[in-house]
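Participant: Can you read through this structure? Questions will come right after.
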Amino acid sequence: MTALIEVKNLTIQFRTDEGLVTAVDDVSFSIDKGQVMGLVGESGSGKSVTAKALMNLNARNAVYGPESRITLHTEAGPVEVLKLKTARDLKIVRGGAISKIFQEPMASFAPAITIGDQMVEQLRLHADMSKAKAKEISVEMLDRVGISDPSRRFGQYAFELSGGMRQRAMIAMALSTKPKLLIADEPTTALDVTIQAQVIDLMKDLVNEFHMGIIFITHDLGVIAQTADKVAVKYLGRIVEEGPVREVIRNPKHPYTQGLLAALPKLDDLDAPLTPVAGDIPSPLERPTGCVFHTRCPKIVGDVCKTALPHDSRVDASHRVACHIHAEVPA
Ligand SMILES: Nc1ncnc2c1ncn2[C@@H]1O[C@H](COP(=O)(O)OP(=O)(O)OP(=O)(O)O)[C@@H](O)[C@H]1O
């Protein structure tokens, strides 16, 4: 497989009145063409900040670590995303080769412009085409994501559509420019389960059809299990475990991943108590020393957990974990 995007040693801090807040800490991963990567972790683990970095879209108070690199591989050659500065150059990662869908579709549609006009505008921003051609592609895309009567919907406003329909329209808009990478940030969280399942199926179809990569962000490992090929588990800005989704779910190595899995409801035993990961997420201003998870970890092996940062160890060729329990084999 060919890497579509490579993230290396990504570190992001934010300047705040209280001091520097670390949101992403030395994160590396890559996504191949046609691959779906799930990014999972509790609130505040830095999932959205990581995703925004892929579009060089973080707020002005963001400070990137000097080693941070994000390389997007395009047909015209590699693009260093964090070095893009002008609006013209940034177009490639903002709606061109990379597109994003959000949890709340109302956020991506202007309320007073029809869905169709917004789709046409988006298309013409990224490709040199006539209005008529842009309309044709937009209606086709609305049809493709399962919106009935797409020509009529094209002329409607976002508020006239139901929640599930709006979500589909947003996916249609994001995909109309044929992005190579789709960032889906909690795209199904606000939907009821039936529509959530439809949107997940739709995304799977689209990966097969367009052969694009997807980064799927969620706090729900159950959704990841249905959608992703591989998963990266994040805690306080660090990837603590990464591997093929089935392997990580069947054979989780990090106590945090084990905790997230134990917190999922079990359909075959509905009376079993849910056991959330114990303890509270520390404030990002008071990051624990050593392993960032040690203040909540039920499997501490000794002082090393409080003093030394665990490095990645290989479980096998595609599965890695950063935990002192597994520290024997360096990655
Ligand atoms: N512009 C900013 N200034 C200061 N801190 C910020 C800024 N943007 C994000 N952060 C902080 O970065 C950390 C990571 O935030 P992020 O939104 O990526 O988390 P998340 O894992 O996506 O959480 P959620 O699941 O709640 O969306 C948080 O502590 C957040 O407060």
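Chains: A, B, ... in order of the structure tokens. Residues: from 1 per chain. Ligands: from 1, in order shown.
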Excluding range 171-181 of chain A and its own-chain neighbours fewer than 6 positions away, which residues fall within 9 Å of it when counting only C-alpha atoms? Please give them as a ChimeraX atom specification.
Facilitator: /A:4-5,31,33-34,74,95-101,115,118-120,122-123,126-127,137-138,141-145,203,206,210-215
Participant: Per DSSP on the backbone, what are the strand (DSSP E or B) residues of range 13-202 of chain A, as a ChimeraX atom specification?
Facilitator: /A:13-16,19-32,36-40,62-64,69-74,77-80,98-101,181-185
Participant: Using only C-alpha atoms, pick whichever of A:Leu260, A:Ile239, A:Pro150, A:Ile200 has the shortest atom-to-atom distance to Val321 in chain A.
Facilitator: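 Selected residue with least distance to Val321 in chain A: A:Ile239.
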Participant: Kindly give the distance, in Å, that separates atom 23 (O, counted along the ligand's line) of ligand 1 and CA of Thr227 in chain A, rounded to a single decimal.
Facilitator: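 So the answer is 19.6 Å.
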Participant: Kindly work out which residues sit at most 7 Å from ligand 1, using only C-alpha atoms and all ligand atoms, and give the list as a ChimeraX atom specification.
Facilitator: /A:14-16,21-23,41-50,58-59,61-62,218-219,284
Participant: Please produce an output containing N, CA and C atoms for each residue in the selection, written as a CSV table (one decimal), in the first residue's frame.
Facilitator:
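Below you can see selection.csv, which holds the result:
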```csv
chain,number,residue,atom,x,y,z
A,14,PHE,N,-0.7,24.9,23.0
A,14,PHE,CA,-1.4,26.1,22.8
A,14,PHE,C,-1.0,27.1,23.8
A,15,ARG,N,-0.8,28.4,23.4
A,15,ARG,CA,-0.5,29.4,24.4
A,15,ARG,C,-1.8,29.9,25.0
A,16,THR,N,-1.9,29.8,26.3
A,16,THR,CA,-3.1,30.3,27.0
A,16,THR,C,-2.7,31.2,28.1
A,21,VAL,N,-0.4,24.8,27.0
A,21,VAL,CA,-1.2,23.5,27.1
A,21,VAL,C,-0.8,22.6,26.0
A,22,THR,N,-0.4,21.3,26.4
A,22,THR,CA,0.0,20.4,25.4
A,22,THR,C,-1.2,19.6,25.0
A,23,ALA,N,-1.5,19.7,23.7
A,23,ALA,CA,-2.7,19.0,23.2
A,23,ALA,C,-2.4,17.7,22.4
A,41,GLY,N,-10.5,8.0,21.7
A,41,GLY,CA,-9.9,8.5,23.0
A,41,GLY,C,-11.0,9.4,23.7
A,42,GLU,N,-10.8,9.6,25.0
A,42,GLU,CA,-11.8,10.4,25.7
A,42,GLU,C,-11.7,11.8,25.3
A,43,SER,N,-12.7,12.6,25.8
A,43,SER,CA,-12.7,14.1,25.5
A,43,SER,C,-11.3,14.7,25.9
A,44,GLY,N,-10.8,15.6,25.1
A,44,GLY,CA,-9.6,16.3,25.5
A,44,GLY,C,-8.3,15.5,25.2
A,45,SER,N,-8.4,14.4,24.5
A,45,SER,CA,-7.2,13.6,24.2
A,45,SER,C,-6.5,14.1,23.0
A,46,GLY,N,-7.0,15.1,22.3
A,46,GLY,CA,-6.3,15.8,21.2
A,46,GLY,C,-6.7,15.2,19.9
A,47,LYS,N,-7.8,14.6,19.8
A,47,LYS,CA,-8.3,14.0,18.5
A,47,LYS,C,-8.5,15.1,17.4
A,48,SER,N,-9.4,16.1,17.8
A,48,SER,CA,-9.7,17.1,16.9
A,48,SER,C,-8.5,18.0,16.5
A,49,VAL,N,-7.7,18.3,17.5
A,49,VAL,CA,-6.5,19.1,17.2
A,49,VAL,C,-5.6,18.4,16.2
A,50,THR,N,-5.4,17.1,16.4
A,50,THR,CA,-4.6,16.3,15.4
A,50,THR,C,-5.2,16.4,14.0
A,58,ASN,N,-5.3,24.8,12.8
A,58,ASN,CA,-5.4,25.0,14.2
A,58,ASN,C,-5.4,26.5,14.5
A,59,ALA,N,-5.9,26.9,15.7
A,59,ALA,CA,-6.0,28.3,16.0
A,59,ALA,C,-4.6,29.0,16.1
A,61,ASN,N,-3.1,30.5,18.3
A,61,ASN,CA,-2.3,30.3,19.5
A,61,ASN,C,-1.6,28.9,19.5
A,62,ALA,N,-1.7,28.2,18.4
A,62,ALA,CA,-1.0,26.8,18.4
A,62,ALA,C,0.5,27.0,18.1
A,218,THR,N,-13.6,9.4,16.9
A,218,THR,CA,-14.8,9.2,17.8
A,218,THR,C,-14.3,8.8,19.2
A,219,HIS,N,-15.2,8.9,20.2
A,219,HIS,CA,-14.8,8.4,21.5
A,219,HIS,C,-15.4,7.0,21.6
A,284,PRO,N,-5.0,19.4,31.4
A,284,PRO,CA,-3.8,19.5,30.5
A,284,PRO,C,-2.7,20.4,31.0
```
